[in-house]
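Student: Below you'll find run.cif; it's mmCIF, C-alpha atoms.
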data_my_file
#
loop_
_atom_site.label_atom_id
_atom_site.label_comp_id
_atom_site.auth_asym_id
_atom_site.auth_seq_id
_atom_site.Cartn_x
_atom_site.Cartn_y
_atom_site.Cartn_z
CA ASP A 98 -28.76 19.67 5.37
CA THR A 99 -25.69 20.93 3.49
CA THR A 100 -24.49 23.66 5.80
CA PRO A 101 -20.77 23.54 6.59
CA HIS A 102 -21.54 22.63 10.20
CA ALA A 103 -23.69 19.68 9.12
CA VAL A 104 -21.10 18.45 6.64
CA VAL A 105 -18.27 18.56 9.17
CA ARG A 106 -20.34 16.53 11.62
CA SER A 107 -21.52 13.96 9.06
CA ARG A 108 -20.37 10.36 9.19
CA PRO A 109 -18.84 10.33 5.65
CA PHE A 110 -16.78 13.43 6.41
CA LEU A 111 -15.54 12.03 9.73
CA LEU A 112 -14.61 8.72 8.09
CA LEU A 113 -12.77 10.53 5.31
CA ALA A 114 -10.92 12.70 7.83
CA ALA A 115 -9.95 9.57 9.79
CA ALA A 116 -8.73 7.84 6.61
CA PHE A 117 -6.62 10.87 5.62
CA THR A 118 -5.19 11.16 9.14
CA LEU A 119 -4.27 7.48 9.37
CA SER A 120 -2.82 7.51 5.86
CA ALA A 121 -0.69 10.58 6.54
CA PHE A 122 0.51 9.11 9.85
CA ALA A 123 1.46 5.81 8.18
CA VAL A 124 3.42 7.52 5.41
CA TYR A 125 5.16 9.80 7.92
CA ALA A 126 6.04 6.82 10.13
CA ALA A 127 7.43 4.89 7.17
CA VAL A 128 9.57 7.80 6.00
CA THR A 129 10.97 8.60 9.45
CA THR A 130 11.90 4.99 10.15
CA LEU A 131 13.20 4.09 6.67
CA VAL A 132 16.87 4.94 7.24
CA PRO A 133 17.20 3.12 10.60
CA LEU A 134 15.33 0.12 9.19
CA VAL A 135 17.50 -0.13 6.10
CA THR A 136 20.77 0.35 7.99
CA GLU A 137 19.69 -2.22 10.58
CA ARG A 138 19.28 -4.72 7.77
CA GLY A 139 22.91 -4.29 6.79
CA TYR A 140 22.81 -1.57 4.15
CA THR A 141 25.12 1.43 4.31
CA THR A 142 23.88 4.88 5.21
CA SER A 143 24.51 5.91 1.60
CA GLN A 144 22.23 3.15 0.36
CA ALA A 145 19.63 4.17 2.94
CA ALA A 146 19.86 7.76 1.74
CA TRP A 147 19.33 6.57 -1.83
CA ALA A 148 16.23 4.63 -0.75
CA LEU A 149 14.87 7.73 0.95
CA GLY A 150 15.74 9.85 -2.08
CA LEU A 151 13.93 7.46 -4.41
CA GLY A 152 10.85 7.90 -2.26
CA GLY A 153 11.11 11.65 -2.70
CA ALA A 154 11.58 11.25 -6.44
CA GLY A 155 8.46 9.07 -6.51
CA GLN A 156 6.51 11.81 -4.75
CA THR A 157 7.69 14.34 -7.31
CA LEU A 158 6.67 12.04 -10.16
CA GLY A 159 3.31 11.49 -8.51
CA ARG A 160 2.69 15.22 -8.23
CA THR A 161 3.64 15.64 -11.88
CA LEU A 162 1.16 12.98 -12.98
CA TYR A 163 -1.65 14.04 -10.63
CA ALA A 164 -3.34 16.44 -13.09
CA SER A 165 -3.59 13.65 -15.65
CA LEU A 166 -5.02 11.31 -13.01
CA ALA A 167 -7.53 13.96 -11.93
CA ARG A 168 -8.81 14.31 -15.49
CA ARG A 169 -9.32 10.56 -15.88
CA THR A 170 -10.79 9.57 -12.50
CA GLY A 171 -13.41 10.69 -10.02
CA ALA A 172 -12.59 11.98 -6.56
CA THR A 173 -13.50 8.73 -4.78
CA THR A 174 -11.52 6.49 -7.13
CA ARG A 175 -8.54 8.84 -6.99
CA THR A 176 -8.60 9.04 -3.21
CA VAL A 177 -8.80 5.27 -2.76
CA ALA A 178 -6.02 4.73 -5.33
CA LEU A 179 -3.69 7.26 -3.73
CA ILE A 180 -4.21 5.95 -0.21
CA THR A 181 -3.63 2.41 -1.49
CA LEU A 182 -0.44 3.45 -3.29
CA GLY A 183 0.72 5.21 -0.15
CA ALA A 184 0.18 2.01 1.80
CA LEU A 185 2.25 0.02 -0.68
#
How would this structure read if it were set down as C-alpha cells?

Tutor:
Amino acid sequence: DTTPHAVVRSRPFLLLAAAFTLSAFAVYAAVTTLVPLVTERGYTTSQAAWALGLGGAGQTLGRTLYASLARRTGATTRTVALITLGAL
C-alpha cells in the first residue's frame, strides 16, 4: 500500500526518520559544545570562534556542492554519505 498513511507508518520510513533525528541532534550537540570544548582545552575564544566559523564555511561549501553530488549519486548513497560526513 502506498498511501501517505501507510508510508509514514512503514518501518523504512520510521528508521529513516530516526536516523535523521539522531544525526541532526548529534550535529547540533557538537556545534553548541564546540566553543566550550575548545576553550577548555586551552585555546583562546578567538581560536574557538574560528573553529566554529570554519564549520559554518564547510556547511556553505557543502550546500554549494550538493547539486553536483545529487546528479552523481542516488538518494540512499547521498543520505548515507552526508550522515557519515556529519558524524566525522

Student: One decimal, Å: what's the distance from CA of Ser120 in chain A over to CA of Val177 in chain A, could you say?

Tutor: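 Between these atoms lies a distance of 10.7 Å.
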
Student: Between CA of Ser107 in chain A and CA of Ala184 in chain A, what is the spacing in Å?

Tutor: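 A separation of 25.8 Å between them.
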
Student: Grab the CA of Leu131 in chain A to CA of Ala146 in chain A distance for me, in Å with one decimal place.

Tutor: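 Value for the CA of Leu131 in chain A-CA of Ala146 in chain A distance: 9.1 Å.
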
Student: From the options A:Thr157, A:Thr141, A:Ala148, A:Ala115, which residue's atoms come nearest to Ala127 in chain A, counting only C-alpha atoms?

Tutor: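 Using only C-alpha atoms, Ala127 in chain A sits closest to A:Ala148.
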
Student: Contacts of Val135 in chain A at 12 Å or less, counting all atoms listed in the file, minus same-chain residues fewer than 3 places along, as a list in words?

Tutor: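 Contacts, with the query itself left out: Ala127, Val128, Thr129, Thr130, Leu131, Val132, Arg138, Gly139, Tyr140, Thr141, Thr142, Ser143, Gln144, Ala145, Ala146, Trp147, Ala148 and Leu149 of chain A.
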
Student: Pick out the closest residue to Thr176 in chain A from this set: A:Tyr125, A:Ala164, A:Ala116, A:Gly155. Count only C-alpha atoms.

Tutor: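 Ranked by minimum distance to Thr176 in chain A, first place goes to A:Ala116.
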
Student: Find the residues near Leu185 in chain A: any atom within 12 Å, counting only C-alpha atoms, skip ones fewer than 2 places away on the same chain, and give them as a VMD selection string.

Tutor: chain A and resid 120 123 to 124 127 152 178 to 183

Student: How would range 131-142 of chain A look with all heavy atoms restored, written as a PDB file, keeping the file's coordinate frame?

Tutor:
ATOM      1  N   LEU A 131      12.591   4.788   7.810  1.00  0.00           N
ATOM      2  CA  LEU A 131      13.200   4.090   6.670  1.00  0.00           C
ATOM      3  C   LEU A 131      14.714   3.940   6.830  1.00  0.00           C
ATOM      4  O   LEU A 131      15.252   2.837   6.673  1.00  0.00           O
ATOM      5  CB  LEU A 131      12.884   4.815   5.366  1.00  0.00           C
ATOM      6  CG  LEU A 131      13.474   4.172   4.112  1.00  0.00           C
ATOM      7  CD1 LEU A 131      12.839   2.803   3.880  1.00  0.00           C
ATOM      8  CD2 LEU A 131      13.257   5.054   2.907  1.00  0.00           C
ATOM      9  N   VAL A 132      15.408   5.014   7.142  1.00  0.00           N
ATOM     10  CA  VAL A 132      16.870   4.940   7.240  1.00  0.00           C
ATOM     11  C   VAL A 132      17.313   3.994   8.350  1.00  0.00           C
ATOM     12  O   VAL A 132      18.142   3.105   8.106  1.00  0.00           O
ATOM     13  CB  VAL A 132      17.485   6.349   7.392  1.00  0.00           C
ATOM     14  CG1 VAL A 132      18.967   6.271   7.694  1.00  0.00           C
ATOM     15  CG2 VAL A 132      17.251   7.159   6.116  1.00  0.00           C
ATOM     16  N   PRO A 133      16.787   4.095   9.576  1.00  0.00           N
ATOM     17  CA  PRO A 133      17.200   3.120  10.600  1.00  0.00           C
ATOM     18  C   PRO A 133      16.861   1.682  10.216  1.00  0.00           C
ATOM     19  O   PRO A 133      17.647   0.767  10.470  1.00  0.00           O
ATOM     20  CB  PRO A 133      16.422   3.547  11.842  1.00  0.00           C
ATOM     21  CG  PRO A 133      16.060   4.958  11.626  1.00  0.00           C
ATOM     22  CD  PRO A 133      15.915   5.126  10.142  1.00  0.00           C
ATOM     23  N   LEU A 134      15.715   1.466   9.594  1.00  0.00           N
ATOM     24  CA  LEU A 134      15.330   0.120   9.190  1.00  0.00           C
ATOM     25  C   LEU A 134      16.290  -0.457   8.163  1.00  0.00           C
ATOM     26  O   LEU A 134      16.745  -1.597   8.276  1.00  0.00           O
ATOM     27  CB  LEU A 134      13.900   0.125   8.631  1.00  0.00           C
ATOM     28  CG  LEU A 134      13.393  -1.208   8.091  1.00  0.00           C
ATOM     29  CD1 LEU A 134      13.201  -2.192   9.231  1.00  0.00           C
ATOM     30  CD2 LEU A 134      12.100  -1.010   7.329  1.00  0.00           C
ATOM     31  N   VAL A 135      16.612   0.343   7.164  1.00  0.00           N
ATOM     32  CA  VAL A 135      17.500  -0.130   6.100  1.00  0.00           C
ATOM     33  C   VAL A 135      18.908  -0.360   6.627  1.00  0.00           C
ATOM     34  O   VAL A 135      19.544  -1.373   6.300  1.00  0.00           O
ATOM     35  CB  VAL A 135      17.470   0.866   4.912  1.00  0.00           C
ATOM     36  CG1 VAL A 135      18.510   0.530   3.876  1.00  0.00           C
ATOM     37  CG2 VAL A 135      16.089   0.885   4.279  1.00  0.00           C
ATOM     38  N   THR A 136      19.414   0.543   7.452  1.00  0.00           N
ATOM     39  CA  THR A 136      20.770   0.350   7.990  1.00  0.00           C
ATOM     40  C   THR A 136      20.826  -0.832   8.956  1.00  0.00           C
ATOM     41  O   THR A 136      21.828  -1.529   9.010  1.00  0.00           O
ATOM     42  CB  THR A 136      21.288   1.632   8.680  1.00  0.00           C
ATOM     43  OG1 THR A 136      20.375   2.032   9.695  1.00  0.00           O
ATOM     44  CG2 THR A 136      21.491   2.746   7.686  1.00  0.00           C
ATOM     45  N   GLU A 137      19.746  -1.069   9.674  1.00  0.00           N
ATOM     46  CA  GLU A 137      19.690  -2.220  10.580  1.00  0.00           C
ATOM     47  C   GLU A 137      19.745  -3.534   9.823  1.00  0.00           C
ATOM     48  O   GLU A 137      20.222  -4.545  10.322  1.00  0.00           O
ATOM     49  CB  GLU A 137      18.419  -2.148  11.433  1.00  0.00           C
ATOM     50  CG  GLU A 137      18.308  -3.253  12.458  1.00  0.00           C
ATOM     51  CD  GLU A 137      17.057  -3.098  13.286  1.00  0.00           C
ATOM     52  OE1 GLU A 137      17.039  -2.232  14.167  1.00  0.00           O
ATOM     53  OE2 GLU A 137      16.087  -3.846  13.029  1.00  0.00           O
ATOM     54  N   ARG A 138      19.277  -3.506   8.602  1.00  0.00           N
ATOM     55  CA  ARG A 138      19.280  -4.720   7.770  1.00  0.00           C
ATOM     56  C   ARG A 138      20.593  -4.904   7.016  1.00  0.00           C
ATOM     57  O   ARG A 138      20.693  -5.742   6.135  1.00  0.00           O
ATOM     58  CB  ARG A 138      18.108  -4.692   6.813  1.00  0.00           C
ATOM     59  CG  ARG A 138      16.808  -4.744   7.598  1.00  0.00           C
ATOM     60  CD  ARG A 138      15.656  -5.069   6.772  1.00  0.00           C
ATOM     61  NE  ARG A 138      14.482  -5.048   7.623  1.00  0.00           N
ATOM     62  CZ  ARG A 138      13.521  -5.928   7.553  1.00  0.00           C
ATOM     63  NH1 ARG A 138      13.573  -6.887   6.674  1.00  0.00           N
ATOM     64  NH2 ARG A 138      12.485  -5.837   8.347  1.00  0.00           N
ATOM     65  N   GLY A 139      21.587  -4.080   7.340  1.00  0.00           N
ATOM     66  CA  GLY A 139      22.910  -4.290   6.790  1.00  0.00           C
ATOM     67  C   GLY A 139      23.312  -3.386   5.648  1.00  0.00           C
ATOM     68  O   GLY A 139      24.409  -3.523   5.106  1.00  0.00           O
ATOM     69  N   TYR A 140      22.457  -2.486   5.232  1.00  0.00           N
ATOM     70  CA  TYR A 140      22.810  -1.570   4.150  1.00  0.00           C
ATOM     71  C   TYR A 140      23.588  -0.384   4.719  1.00  0.00           C
ATOM     72  O   TYR A 140      23.494  -0.060   5.897  1.00  0.00           O
ATOM     73  CB  TYR A 140      21.555  -1.075   3.423  1.00  0.00           C
ATOM     74  CG  TYR A 140      20.844  -2.177   2.671  1.00  0.00           C
ATOM     75  CD1 TYR A 140      19.822  -2.902   3.261  1.00  0.00           C
ATOM     76  CD2 TYR A 140      21.224  -2.501   1.372  1.00  0.00           C
ATOM     77  CE1 TYR A 140      19.177  -3.916   2.571  1.00  0.00           C
ATOM     78  CE2 TYR A 140      20.585  -3.513   0.680  1.00  0.00           C
ATOM     79  CZ  TYR A 140      19.563  -4.223   1.288  1.00  0.00           C
ATOM     80  OH  TYR A 140      18.930  -5.226   0.613  1.00  0.00           O
ATOM     81  N   THR A 141      24.348   0.270   3.871  1.00  0.00           N
ATOM     82  CA  THR A 141      25.120   1.430   4.310  1.00  0.00           C
ATOM     83  C   THR A 141      24.190   2.646   4.432  1.00  0.00           C
ATOM     84  O   THR A 141      23.073   2.642   3.911  1.00  0.00           O
ATOM     85  CB  THR A 141      26.240   1.773   3.303  1.00  0.00           C
ATOM     86  OG1 THR A 141      25.624   2.204   2.076  1.00  0.00           O
ATOM     87  CG2 THR A 141      27.136   0.572   3.053  1.00  0.00           C
ATOM     88  N   THR A 142      24.682   3.665   5.104  1.00  0.00           N
ATOM     89  CA  THR A 142      23.880   4.880   5.210  1.00  0.00           C
ATOM     90  C   THR A 142      23.695   5.534   3.840  1.00  0.00           C
ATOM     91  O   THR A 142      22.667   6.156   3.592  1.00  0.00           O
ATOM     92  CB  THR A 142      24.514   5.875   6.198  1.00  0.00           C
ATOM     93  OG1 THR A 142      25.868   6.096   5.837  1.00  0.00           O
ATOM     94  CG2 THR A 142      24.435   5.365   7.616  1.00  0.00           C
TER      95      THR A 142
END
